[in-house]
$ cat input.cif   # mmCIF, C-alpha atoms
data_run
loop_
_atom_site.group_PDB
_atom_site.id
_atom_site.type_symbol
_atom_site.label_atom_id
_atom_site.label_comp_id
_atom_site.auth_asym_id
_atom_site.auth_seq_id
_atom_site.Cartn_x
_atom_site.Cartn_y
_atom_site.Cartn_z
ATOM 1 C CA MET A 1 0.000 0.000 0.000
ATOM 2 C CA ILE A 2 2.641 2.537 1.073
ATOM 3 C CA LYS A 3 4.889 1.298 -1.724
ATOM 4 C CA GLU A 4 2.085 1.992 -4.202
ATOM 5 C CA ILE A 5 1.672 5.524 -2.905
ATOM 6 C CA LEU A 6 5.428 6.122 -3.162
ATOM 7 C CA LYS A 7 5.381 4.791 -6.709
ATOM 8 C CA PHE A 8 2.493 7.145 -7.423
ATOM 9 C CA PHE A 9 4.546 10.070 -6.134
ATOM 10 C CA ASN A 10 7.221 9.259 -8.687
ATOM 11 C CA THR A 11 4.708 9.681 -11.501
ATOM 12 C CA ILE A 12 3.939 13.274 -10.471
ATOM 13 C CA LYS A 13 5.378 15.586 -13.117
ATOM 14 C CA ALA A 14 6.423 19.229 -12.981
ATOM 15 C CA GLY A 15 3.086 20.511 -14.262
ATOM 16 C CA ASP A 16 1.282 18.380 -11.717
ATOM 17 C CA TRP A 17 3.207 20.002 -8.902
ATOM 18 C CA PHE A 18 2.203 23.352 -10.348
ATOM 19 C CA ILE A 19 -1.475 22.348 -10.268
ATOM 20 C CA ILE A 20 -1.139 20.903 -6.750
ATOM 21 C CA ILE A 21 0.478 24.077 -5.426
ATOM 22 C CA LEU A 22 -2.150 26.198 -7.168
ATOM 23 C CA PHE A 23 -4.871 24.089 -5.564
ATOM 24 C CA CYS A 24 -3.327 24.408 -2.080
ATOM 25 C CA ALA A 25 -3.100 28.174 -2.577
ATOM 26 C CA LEU A 26 -6.774 28.208 -3.537
ATOM 27 C CA ILE A 27 -7.665 26.312 -0.344
ATOM 28 C CA ILE A 28 -5.705 28.758 1.810
ATOM 29 C CA VAL A 29 -7.057 31.855 0.061
ATOM 30 C CA SER A 30 -10.664 30.661 0.154
ATOM 31 C CA THR A 31 -10.353 29.782 3.839
ATOM 32 C CA LYS A 32 -8.894 33.161 4.601
ATOM 33 C CA PHE A 33 -11.501 35.132 2.684
ATOM 34 C CA LEU A 34 -14.616 33.098 3.353
ATOM 35 C CA TRP A 35 -14.030 32.245 6.994
ATOM 36 C CA ASN A 36 -13.605 35.846 7.940
ATOM 37 C CA LEU A 37 -15.394 36.643 11.151
ATOM 38 C CA PRO A 38 -17.256 39.980 11.348
ATOM 39 C CA GLN A 39 -15.212 42.932 12.524
ATOM 40 C CA GLY A 40 -15.433 43.705 16.216
ATOM 41 C CA GLU A 41 -17.157 46.801 17.577
ATOM 42 C CA TYR A 42 -16.664 46.738 21.343
ATOM 43 C CA LEU A 43 -14.041 45.561 23.771
ATOM 44 C CA GLU A 44 -14.908 43.992 27.096
ATOM 45 C CA ILE A 45 -12.282 43.800 29.807
ATOM 46 C CA TYR A 46 -12.655 41.144 32.478
ATOM 47 C CA LYS A 47 -10.945 40.943 35.834
ATOM 48 C CA ASN A 48 -11.456 37.779 37.878
ATOM 49 C CA ASN A 49 -14.119 36.764 35.347
ATOM 50 C CA LYS A 50 -16.139 39.833 36.216
ATOM 51 C CA ILE A 51 -16.730 42.495 33.645
ATOM 52 C CA LEU A 52 -14.668 45.551 34.458
ATOM 53 C CA ALA A 53 -15.291 47.900 31.567
ATOM 54 C CA THR A 54 -16.509 48.107 27.982
ATOM 55 C CA TYR A 55 -14.883 50.334 25.407
ATOM 56 C CA SER A 56 -15.563 51.129 21.793
ATOM 57 C CA LEU A 57 -12.860 49.804 19.485
ATOM 58 C CA ASN A 58 -13.032 52.876 17.269
ATOM 59 C CA GLN A 59 -10.564 54.985 19.202
ATOM 60 C CA LYS A 60 -6.886 55.170 19.953
ATOM 61 C CA ILE A 61 -6.136 54.915 23.657
ATOM 62 C CA THR A 62 -3.894 53.090 26.103
ATOM 63 C CA LYS A 63 -5.435 51.563 29.228
ATOM 64 C CA ILE A 64 -3.706 50.365 32.361
ATOM 65 C CA ILE A 65 -5.590 47.746 34.326
ATOM 66 C CA ASN A 66 -4.630 46.671 37.804
ATOM 67 C CA GLY A 67 -4.752 42.868 37.969
ATOM 68 C CA ALA A 68 -3.942 40.225 40.556
ATOM 69 C CA LYS A 69 -0.177 40.548 40.132
ATOM 70 C CA GLY A 70 0.277 44.053 38.856
ATOM 71 C CA ASP A 71 -0.498 46.416 36.028
ATOM 72 C CA THR A 72 -1.420 45.213 32.555
ATOM 73 C CA LYS A 73 -1.214 47.688 29.734
ATOM 74 C CA ILE A 74 -3.391 47.298 26.650
ATOM 75 C CA ILE A 75 -3.688 49.433 23.545
ATOM 76 C CA ILE A 76 -6.836 49.996 21.534
ATOM 77 C CA ASP A 77 -5.949 51.165 18.044
ATOM 78 C CA ASN A 78 -8.867 51.900 15.717
ATOM 79 C CA GLY A 79 -10.561 48.500 15.541
ATOM 80 C CA ARG A 80 -7.825 46.313 16.983
ATOM 81 C CA VAL A 81 -6.414 45.671 20.407
ATOM 82 C CA ARG A 82 -3.368 44.060 22.032
ATOM 83 C CA PHE A 83 -1.548 43.560 25.313
ATOM 84 C CA VAL A 84 1.540 45.730 25.588
ATOM 85 C CA SER A 85 2.913 44.732 28.943
ATOM 86 C CA ALA A 86 1.870 42.323 31.650
ATOM 87 C CA PRO A 87 3.419 41.126 34.906
ATOM 88 C CA CYS A 88 3.128 37.447 33.961
ATOM 89 C CA THR A 89 6.202 35.286 33.214
ATOM 90 C CA LYS A 90 5.309 33.544 29.961
ATOM 91 C CA LYS A 91 3.828 36.596 28.185
ATOM 92 C CA TYR A 92 1.417 34.501 26.119
ATOM 93 C CA CYS A 93 -1.037 37.383 26.180
ATOM 94 C CA ILE A 94 1.490 39.734 24.578
ATOM 95 C CA HIS A 95 2.660 37.204 21.993
ATOM 96 C CA GLN A 96 -0.889 36.727 20.784
ATOM 97 C CA GLY A 97 -0.574 40.122 19.150
ATOM 98 C CA TRP A 98 -3.384 42.172 17.681
ATOM 99 C CA ILE A 99 -6.953 40.887 17.622
ATOM 100 C CA ASN A 100 -9.727 42.590 15.699
ATOM 101 C CA LYS A 101 -12.497 40.066 14.932
ATOM 102 C CA ALA A 102 -15.704 39.528 16.873
ATOM 103 C CA ASN A 103 -15.468 36.733 19.467
ATOM 104 C CA GLN A 104 -11.681 36.775 19.586
ATOM 105 C CA ILE A 105 -10.244 36.763 23.087
ATOM 106 C CA ILE A 106 -6.926 37.146 24.893
ATOM 107 C CA ILE A 107 -6.606 35.704 28.362
ATOM 108 C CA CYS A 108 -3.846 36.361 30.854
ATOM 109 C CA ILE A 109 -4.325 33.782 33.581
ATOM 110 C CA PRO A 110 -1.578 34.859 36.046
ATOM 111 C CA ASN A 111 -2.855 38.417 36.183
ATOM 112 C CA LYS A 112 -6.520 37.336 35.918
ATOM 113 C CA ILE A 113 -7.196 39.817 33.123
ATOM 114 C CA SER A 114 -8.932 38.878 29.919
ATOM 115 C CA ILE A 115 -10.286 40.871 27.027
ATOM 116 C CA SER A 116 -12.882 39.884 24.487
ATOM 117 C CA ILE A 117 -14.152 41.602 21.375
ATOM 118 C CA LEU A 118 -17.850 41.881 20.658
ATOM 119 C CA GLY A 119 -19.441 42.383 17.282
ATOM 120 C CA ASN A 120 -22.713 44.141 16.646
ATOM 121 C CA LYS A 121 -24.663 41.083 17.641
ATOM 122 C CA LYS A 122 -23.387 38.386 19.879
ATOM 123 C CA ASN A 123 -22.735 35.090 18.110
ATOM 124 C CA TYR A 124 -21.744 32.392 20.517
ATOM 125 C CA ASP A 125 -18.709 30.195 20.368
ATOM 126 C CA SER A 126 -17.738 27.250 22.526
ATOM 127 C CA ILE A 127 -15.981 29.436 25.075
ATOM 128 C CA ASN A 128 -18.522 32.093 25.890
ATOM 129 C CA TYR A 129 -21.581 29.930 25.365
ATOM 130 C CA MET B 1 -42.432 -1.336 -43.954
ATOM 131 C CA THR B 2 -39.021 0.096 -43.475
ATOM 132 C CA LEU B 3 -36.420 -1.822 -41.624
ATOM 133 C CA SER B 4 -34.173 0.179 -39.448
ATOM 134 C CA THR B 5 -30.981 -1.435 -38.420
ATOM 135 C CA ILE B 6 -28.695 -0.269 -35.679
ATOM 136 C CA ASN B 7 -25.101 -1.187 -36.022
ATOM 137 C CA ILE B 8 -23.578 -1.799 -32.650
ATOM 138 C CA SER B 9 -19.860 -1.398 -32.726
ATOM 139 C CA ASP B 10 -17.272 -2.701 -30.294
ATOM 140 C CA ARG B 11 -16.934 0.844 -29.099
ATOM 141 C CA ASP B 12 -20.611 0.911 -28.052
ATOM 142 C CA HIS B 13 -20.083 -2.295 -26.125
ATOM 143 C CA GLN B 14 -17.111 -0.777 -24.349
ATOM 144 C CA ILE B 15 -19.115 2.339 -23.459
ATOM 145 C CA ALA B 16 -21.956 0.201 -22.115
ATOM 146 C CA LYS B 17 -19.634 -1.909 -19.976
ATOM 147 C CA LEU B 18 -17.758 1.058 -18.551
ATOM 148 C CA SER B 19 -21.017 2.941 -17.899
ATOM 149 C CA ALA B 20 -22.362 -0.097 -16.044
ATOM 150 C CA ILE B 21 -19.326 -0.107 -13.747
ATOM 151 C CA ALA B 22 -19.601 3.662 -13.202
ATOM 152 C CA ILE B 23 -23.307 3.350 -12.361
ATOM 153 C CA ALA B 24 -22.618 0.504 -9.936
ATOM 154 C CA LEU B 25 -19.976 2.599 -8.183
ATOM 155 C CA SER B 26 -22.370 5.565 -7.991
ATOM 156 C CA LEU B 27 -24.976 3.350 -6.346
ATOM 157 C CA VAL B 28 -22.447 1.964 -3.860
ATOM 158 C CA GLU B 29 -21.484 5.507 -3.007
ATOM 159 C CA PHE B 30 -25.111 6.545 -2.603
ATOM 160 C CA PHE B 31 -25.723 3.896 0.040
ATOM 161 C CA PHE B 32 -22.415 4.489 1.762
ATOM 162 C CA PRO B 33 -22.706 6.923 4.678
ATOM 163 C CA SER B 34 -20.799 10.150 4.210
ATOM 164 C CA PRO B 35 -18.992 11.710 7.198
ATOM 165 C CA ILE B 36 -19.938 15.255 6.173
ATOM 166 C CA PRO B 37 -23.222 15.847 4.341
ATOM 167 C CA GLY B 38 -22.593 16.864 0.754
ATOM 168 C CA VAL B 39 -19.012 15.624 0.681
ATOM 169 C CA LYS B 40 -18.693 12.516 -1.442
ATOM 170 C CA PRO B 41 -15.582 10.855 -2.844
ATOM 171 C CA GLY B 42 -17.040 10.511 -6.358
ATOM 172 C CA ILE B 43 -15.604 7.060 -6.983
ATOM 173 C CA ALA B 44 -17.503 6.735 -10.275
ATOM 174 C CA ASN B 45 -15.156 9.372 -11.639
ATOM 175 C CA ILE B 46 -12.335 6.829 -11.403
ATOM 176 C CA ILE B 47 -14.014 4.946 -14.248
ATOM 177 C CA ILE B 48 -14.471 8.123 -16.286
ATOM 178 C CA LEU B 49 -10.824 9.115 -15.848
ATOM 179 C CA TYR B 50 -9.830 5.571 -16.719
ATOM 180 C CA THR B 51 -11.970 5.672 -19.870
ATOM 181 C CA ILE B 52 -10.487 8.991 -20.971
ATOM 182 C CA PHE B 53 -6.928 7.808 -20.515
ATOM 183 C CA LYS B 54 -7.350 4.261 -21.835
ATOM 184 C CA PHE B 55 -9.583 5.212 -24.781
ATOM 185 C CA ASP B 56 -10.361 8.860 -25.561
ATOM 186 C CA LEU B 57 -12.187 11.924 -24.319
ATOM 187 C CA ARG B 58 -15.334 11.323 -26.441
ATOM 188 C CA MET B 59 -15.864 7.972 -24.809
ATOM 189 C CA GLY B 60 -15.344 9.493 -21.365
ATOM 190 C CA ILE B 61 -18.027 12.078 -22.107
ATOM 191 C CA TRP B 62 -20.461 9.342 -23.130
ATOM 192 C CA VAL B 63 -19.791 7.294 -19.993
ATOM 193 C CA SER B 64 -20.132 10.343 -17.753
ATOM 194 C CA ILE B 65 -23.452 11.516 -19.224
ATOM 195 C CA ILE B 66 -24.921 7.998 -19.290
ATOM 196 C CA ARG B 67 -23.882 7.509 -15.675
ATOM 197 C CA VAL B 68 -25.612 10.723 -14.524
ATOM 198 C CA PHE B 69 -28.885 9.910 -16.289
ATOM 199 C CA VAL B 70 -29.109 6.217 -15.469
ATOM 200 C CA THR B 71 -28.083 6.624 -11.829
ATOM 201 C CA SER B 72 -30.739 9.269 -11.282
ATOM 202 C CA ILE B 73 -33.387 7.084 -12.927
ATOM 203 C CA ILE B 74 -32.432 4.112 -10.737
ATOM 204 C CA LEU B 75 -32.447 6.198 -7.556
ATOM 205 C CA GLY B 76 -35.650 7.996 -8.569
ATOM 206 C CA SER B 77 -34.088 11.436 -8.492
ATOM 207 C CA PHE B 78 -34.437 12.142 -12.228
ATOM 208 C CA LEU B 79 -35.146 15.871 -12.841
ATOM 209 C CA SER B 80 -34.949 16.581 -9.113
ATOM 210 C CA PRO B 81 -32.415 19.015 -7.595
ATOM 211 C CA THR B 82 -30.027 16.109 -6.890
ATOM 212 C CA PHE B 83 -30.049 15.192 -10.558
ATOM 213 C CA PHE B 84 -29.301 18.742 -11.674
ATOM 214 C CA LEU B 85 -26.518 18.995 -9.105
ATOM 215 C CA SER B 86 -24.868 15.879 -10.399
ATOM 216 C CA LEU B 87 -25.468 16.882 -14.044
ATOM 217 C CA SER B 88 -23.995 20.361 -13.628
ATOM 218 C CA GLY B 89 -20.974 18.925 -11.814
ATOM 219 C CA ALA B 90 -20.422 16.323 -14.521
ATOM 220 C CA LEU B 91 -20.897 18.810 -17.377
ATOM 221 C CA LEU B 92 -18.532 21.380 -15.919
ATOM 222 C CA SER B 93 -15.820 18.834 -15.181
ATOM 223 C CA LEU B 94 -16.144 17.471 -18.735
ATOM 224 C CA LEU B 95 -15.952 21.034 -20.047
ATOM 225 C CA SER B 96 -12.788 21.640 -18.039
ATOM 226 C CA LEU B 97 -11.290 18.437 -19.429
ATOM 227 C CA ILE B 98 -12.176 19.539 -22.976
ATOM 228 C CA ILE B 99 -10.599 22.948 -22.389
ATOM 229 C CA PHE B 100 -7.429 21.481 -20.896
ATOM 230 C CA ARG B 101 -7.160 18.434 -23.182
ATOM 231 C CA ASN B 102 -4.154 19.882 -24.998
ATOM 232 C CA LEU B 103 -1.974 20.195 -21.910
ATOM 233 C CA ASN B 104 1.432 18.793 -22.714
ATOM 234 C CA PRO B 105 1.530 15.177 -21.449
ATOM 235 C CA LYS B 106 5.244 15.615 -20.922
ATOM 236 C CA TYR B 107 4.566 17.900 -17.975
ATOM 237 C CA PHE B 108 1.003 17.077 -16.961
ATOM 238 C CA SER B 109 -0.162 13.602 -16.000
ATOM 239 C CA LEU B 110 -3.512 12.275 -14.931
ATOM 240 C CA ILE B 111 -3.164 13.850 -11.488
ATOM 241 C CA SER B 112 -3.550 17.321 -13.013
ATOM 242 C CA PHE B 113 -6.599 16.277 -14.986
ATOM 243 C CA SER B 114 -8.151 14.641 -11.944
ATOM 244 C CA LEU B 115 -7.623 17.745 -9.809
ATOM 245 C CA ILE B 116 -8.878 20.143 -12.492
ATOM 246 C CA ALA B 117 -11.971 18.034 -13.092
ATOM 247 C CA SER B 118 -12.745 17.651 -9.388
ATOM 248 C CA LEU B 119 -12.456 21.395 -8.851
ATOM 249 C CA ALA B 120 -14.693 22.070 -11.869
ATOM 250 C CA HIS B 121 -17.148 19.514 -10.485
ATOM 251 C CA ILE B 122 -17.661 21.312 -7.191
ATOM 252 C CA ILE B 123 -17.760 24.698 -8.918
ATOM 253 C CA GLY B 124 -20.542 23.392 -11.186
ATOM 254 C CA GLN B 125 -22.474 22.105 -8.209
ATOM 255 C CA PHE B 126 -21.863 25.234 -6.195
ATOM 256 C CA VAL B 127 -23.200 27.501 -8.948
ATOM 257 C CA ILE B 128 -26.447 25.497 -9.022
ATOM 258 C CA VAL B 129 -26.710 25.543 -5.224
ATOM 259 C CA ARG B 130 -26.103 29.284 -4.999
ATOM 260 C CA LEU B 131 -28.399 30.253 -7.893
ATOM 261 C CA TRP B 132 -31.236 27.859 -7.349
ATOM 262 C CA ILE B 133 -31.294 25.574 -4.313
ATOM 263 C CA ILE B 134 -30.005 27.806 -1.504
ATOM 264 C CA PRO B 135 -29.883 31.390 -2.838
ATOM 265 C CA HIS B 136 -28.052 32.789 0.165
ATOM 266 C CA ASN B 137 -24.489 34.015 0.548
ATOM 267 C CA GLY B 138 -24.107 32.029 3.771
ATOM 268 C CA ILE B 139 -23.208 28.896 1.822
ATOM 269 C CA PHE B 140 -19.920 30.463 0.755
ATOM 270 C CA TYR B 141 -18.847 29.620 4.276
ATOM 271 C CA LEU B 142 -18.835 25.925 3.248
ATOM 272 C CA LEU B 143 -16.793 26.441 0.088
ATOM 273 C CA PRO B 144 -13.341 25.877 1.673
ATOM 274 C CA ILE B 145 -14.501 22.460 2.936
ATOM 275 C CA PHE B 146 -15.686 21.518 -0.548
ATOM 276 C CA ILE B 147 -12.462 22.727 -2.174
ATOM 277 C CA LEU B 148 -10.410 20.768 0.350
ATOM 278 C CA SER B 149 -12.447 17.613 -0.238
ATOM 279 C CA ALA B 150 -12.128 18.092 -4.014
ATOM 280 C CA PHE B 151 -8.368 18.237 -3.560
ATOM 281 C CA ILE B 152 -8.181 15.099 -1.397
ATOM 282 C CA PHE B 153 -10.563 12.998 -3.478
ATOM 283 C CA GLY B 154 -9.057 14.290 -6.720
ATOM 284 C CA LEU B 155 -5.682 12.961 -5.578
ATOM 285 C CA VAL B 156 -7.114 9.657 -4.295
ATOM 286 C CA ASN B 157 -9.075 9.084 -7.504
ATOM 287 C CA ALA B 158 -5.956 9.804 -9.544
ATOM 288 C CA LEU B 159 -4.027 7.285 -7.446
ATOM 289 C CA VAL B 160 -6.605 4.545 -8.002
ATOM 290 C CA THR B 161 -6.916 5.349 -11.730
ATOM 291 C CA ASN B 162 -3.155 5.232 -12.041
ATOM 292 C CA LYS B 163 -3.142 1.739 -10.536
ATOM 293 C CA LEU B 164 -5.963 0.616 -12.858
ATOM 294 C CA LEU B 165 -4.089 1.905 -15.891
ATOM 295 C CA GLN B 166 -0.961 0.068 -14.776
ATOM 296 C CA LEU B 167 -2.933 -3.160 -14.535
ATOM 297 C CA ASN B 168 -4.524 -2.623 -17.983
ATOM 298 C CA PRO B 169 -2.021 -0.669 -20.088
ATOM 299 C CA LYS B 170 -3.168 1.056 -23.251
ATOM 300 C CA LYS B 171 -2.925 -1.233 -26.254
#
$ encode --input "input.cif" --output "structure tokens"
Amino acid sequence: MIKEILKFFNTIKAGDWFIIILFCALIIVSTKFLWNLPQGEYLEIYKNNKILATYSLNQKITKIINGAKGDTKIIIDNGRVRFVSAPCTKKYCIHQGWINKANQIIICIPNKISISILGNKKNYDSINY
Amino acid sequence: MTLSTINISDRDHQIAKLSAIAIALSLVEFFFPSPIPGVKPGIANIIILYTIFKFDLRMGIWVSIIRVFVTSIILGSFLSPTFFLSLSGALLSLLSLIIFRNLNPKYFSLISFSLIASLAHIIGQFVIVRLWIIPHNGIFYLLPIFILSAFIFGLVNALVTNKLLQLNPKK
């Protein structure tokens, strides 16, 4: 069986590779364009799982939130948001980078701060359901 | 009284035999449960690819069209949405094969043709679904799944056809 598949791979010609790569590109592009979530409108900030504040995403401000271990700094930048600094050790929240789509979240467990983006209407996912 | 005679050539016999196999495979596939609704491997297309490569494109077109009509009559879906879905898929993949028939065989083998035809097949079905069966843009959300399945089954069908052609080389 595996030998057959290997033999089959040897019959693939240059043009075939071209078609295969084109096809893979089509899969990636279609996934990217068609599985686009709606743009976010509001940002909710949670501390200890309790809602702390809600901001509009359409502004440019820096917020400092006092968490369980210290201050977390986040930046809202016209439709997108990210963690700038946090007192945690692994910095997963910072490495997640910008988020801008509805239902996207960043959680910082050590500092017990999490942020979540809301769209115009709330569509549930497995986490916030 | 006029006598009409029909001359049945060897070629007609070949078409009938190959169509019978394709129809049988379609029926097997119909009764086989599919993991995702709407995603089917299209194993009958192995026979059509085989026909095109062993004989010629004309014969493949005959087998494909006969398969679509006879399968729908057997399953009782003739002239229903299912029938038009399968017809549009078959016609568009045949059209793509006709358009690309002059690809240089030095660089393109049956894998390319299988992939092109499988992509054309889902595009043909998708156009019918979007325009007629579910006229809503929400179904575009499913398109990546269909393209991915076309890619996988296009490759698998090419693999099986390749093996069949090795067992029965062109005379």
$ resolve_selection --input "input.cif" --expression "the PyMOL selection byres ((chain A) within 9 of (chain B))" --output "PyMOL selection string"
chain A and resi 4-5+8+11-20+23-24+26-31+34-36
$ write_last_selection --input "input.cif" --atoms "C-alpha atoms" --output "CSV table (one decimal), keeping the file's coordinate frame"
chain,number,residue,atom,x,y,z
A,4,GLU,CA,2.1,2.0,-4.2
A,5,ILE,CA,1.7,5.5,-2.9
A,8,PHE,CA,2.5,7.1,-7.4
A,11,THR,CA,4.7,9.7,-11.5
A,12,ILE,CA,3.9,13.3,-10.5
A,13,LYS,CA,5.4,15.6,-13.1
A,14,ALA,CA,6.4,19.2,-13.0
A,15,GLY,CA,3.1,20.5,-14.3
A,16,ASP,CA,1.3,18.4,-11.7
A,17,TRP,CA,3.2,20.0,-8.9
A,18,PHE,CA,2.2,23.4,-10.3
A,19,ILE,CA,-1.5,22.3,-10.3
A,20,ILE,CA,-1.1,20.9,-6.8
A,23,PHE,CA,-4.9,24.1,-5.6
A,24,CYS,CA,-3.3,24.4,-2.1
A,26,LEU,CA,-6.8,28.2,-3.5
A,27,ILE,CA,-7.7,26.3,-0.3
A,28,ILE,CA,-5.7,28.8,1.8
A,29,VAL,CA,-7.1,31.9,0.1
A,30,SER,CA,-10.7,30.7,0.2
A,31,THR,CA,-10.4,29.8,3.8
A,34,LEU,CA,-14.6,33.1,3.4
A,35,TRP,CA,-14.0,32.2,7.0
A,36,ASN,CA,-13.6,35.8,7.9
$ resolve_selection --input "input.cif" --expression "the PyMOL selection byres ((chain A and resi 41-52) around 6)" --output "NGL selection string"
:A and (40 or 53-57 or 112-119)
$ atom_distance --input "input.cif" --atom1 "CA of Ile61 (chain B)" --atom2 "CA of Leu87 (chain B)"
12.0 Å
$ residues_around --input "input.cif" --residues "region 91-97 of chain A" --least-positions-apart "4" --cutoff "8 Å" --atoms "only C-alpha atoms" --output "VMD selection string"
chain A and resid 82 to 86 106 to 108
$ write_last_selection --input "input.cif" --atoms "C-alpha atoms" --output "CSV table (one decimal), keeping the file's coordinate frame"
chain,number,residue,atom,x,y,z
A,82,ARG,CA,-3.4,44.1,22.0
A,83,PHE,CA,-1.5,43.6,25.3
A,84,VAL,CA,1.5,45.7,25.6
A,85,SER,CA,2.9,44.7,28.9
A,86,ALA,CA,1.9,42.3,31.6
A,106,ILE,CA,-6.9,37.1,24.9
A,107,ILE,CA,-6.6,35.7,28.4
A,108,CYS,CA,-3.8,36.4,30.9
$ closest_residue --input "input.cif" --among "A:Lys3, A:Arg80, A:Lys90, A:Lys32" --to "Lys60 (chain A)" --atoms "only C-alpha atoms"
A:Arg80
$ atom_distance --input "input.cif" --atom1 "CA of Gly60 (chain B)" --atom2 "CA of Gln166 (chain B)"
18.4 Å
$ atom_distance --input "input.cif" --atom1 "CA of Leu92 (chain B)" --atom2 "CA of Phe32 (chain B)"
24.8 Å
$ closest_residue --input "input.cif" --among "A:Leu6, A:Asp77, A:Gln39, A:Gln104" --to "Lys63 (chain A)" --atoms "all atoms listed in the file"
A:Asp77
$ closest_residue --input "input.cif" --among "B:Ile128, B:Ile48, B:Ala117, B:Ile122" --to "Thr82 (chain B)" --atoms "only C-alpha atoms"
B:Ile128
$ resolve_selection --input "input.cif" --expression "the PyMOL selection byres ((chain B and resi 129) around 12)" --output "VMD selection string"
chain B and resid 38 81 to 82 84 to 86 88 to 89 122 to 128 130 to 140 142 to 143
$ closest_residue --input "input.cif" --among "B:Val63, B:Val68, B:Leu57, B:Ile52" --to "Ser26 (chain B)" --atoms "all atoms listed in the file"
B:Val68
$ closest_residue --input "input.cif" --among "B:Leu18, B:Leu75, B:Ile36, B:Ile23" --to "Met59 (chain B)" --atoms "all atoms listed in the file"
B:Leu18
$ residues_near_point --input "input.cif" --point "(-1.6, 45.3, 33.4)" --cutoff "8 Å" --atoms "all atoms listed in the file" --output "compact mmCIF listing (two decimals) with C-alpha atoms, in the frame of the given file"
# COMPACT_ATOMS: atom_id res chain seq x y z
CA ILE A 64 -3.71 50.36 32.36
CA ILE A 65 -5.59 47.75 34.33
CA ASN A 66 -4.63 46.67 37.80
CA GLY A 67 -4.75 42.87 37.97
CA GLY A 70 0.28 44.05 38.86
CA ASP A 71 -0.50 46.42 36.03
CA THR A 72 -1.42 45.21 32.56
CA LYS A 73 -1.21 47.69 29.73
CA ILE A 74 -3.39 47.30 26.65
CA SER A 85 2.91 44.73 28.94
CA ALA A 86 1.87 42.32 31.65
CA PRO A 87 3.42 41.13 34.91
CA ASN A 111 -2.86 38.42 36.18
CA ILE A 113 -7.20 39.82 33.12
$ build_atoms --input "input.cif" --residues "region 83-94 of chain B" --atoms "N, CA and C atoms" --output "JSON list (two decimals), in the coordinates of the input"
[["chain", "number", "residue", "atom", "x", "y", "z"],
["B", 83, "PHE", "N", -30.44, 15.52, -9.19],
["B", 83, "PHE", "CA", -30.05, 15.19, -10.56],
["B", 83, "PHE", "C", -29.36, 16.37, -11.21],
["B", 84, "PHE", "N", -29.91, 17.58, -11.03],
["B", 84, "PHE", "CA", -29.30, 18.74, -11.67],
["B", 84, "PHE", "C", -27.95, 19.07, -11.06],
["B", 85, "LEU", "N", -27.82, 18.80, -9.74],
["B", 85, "LEU", "CA", -26.52, 19.00, -9.10],
["B", 85, "LEU", "C", -25.48, 18.10, -9.74],
["B", 86, "SER", "N", -25.85, 16.81, -9.88],
["B", 86, "SER", "CA", -24.87, 15.88, -10.40],
["B", 86, "SER", "C", -24.61, 16.15, -11.88],
["B", 87, "LEU", "N", -25.64, 16.58, -12.62],
["B", 87, "LEU", "CA", -25.47, 16.88, -14.04],
["B", 87, "LEU", "C", -24.56, 18.10, -14.23],
["B", 88, "SER", "N", -24.81, 19.16, -13.44],
["B", 88, "SER", "CA", -24.00, 20.36, -13.63],
["B", 88, "SER", "C", -22.55, 20.09, -13.26],
["B", 89, "GLY", "N", -22.34, 19.29, -12.19],
["B", 89, "GLY", "CA", -20.97, 18.92, -11.81],
["B", 89, "GLY", "C", -20.30, 18.15, -12.92],
["B", 90, "ALA", "N", -21.01, 17.15, -13.47],
["B", 90, "ALA", "CA", -20.42, 16.32, -14.52],
["B", 90, "ALA", "C", -20.13, 17.15, -15.76],
["B", 91, "LEU", "N", -21.09, 18.02, -16.16],
["B", 91, "LEU", "CA", -20.90, 18.81, -17.38],
["B", 91, "LEU", "C", -19.72, 19.76, -17.23],
["B", 92, "LEU", "N", -19.63, 20.43, -16.07],
["B", 92, "LEU", "CA", -18.53, 21.38, -15.92],
["B", 92, "LEU", "C", -17.18, 20.69, -15.86],
["B", 93, "SER", "N", -17.13, 19.49, -15.22],
["B", 93, "SER", "CA", -15.82, 18.83, -15.18],
["B", 93, "SER", "C", -15.45, 18.31, -16.56],
["B", 94, "LEU", "N", -16.44, 17.88, -17.35],
["B", 94, "LEU", "CA", -16.14, 17.47, -18.74],
["B", 94, "LEU", "C", -15.66, 18.67, -19.55]]
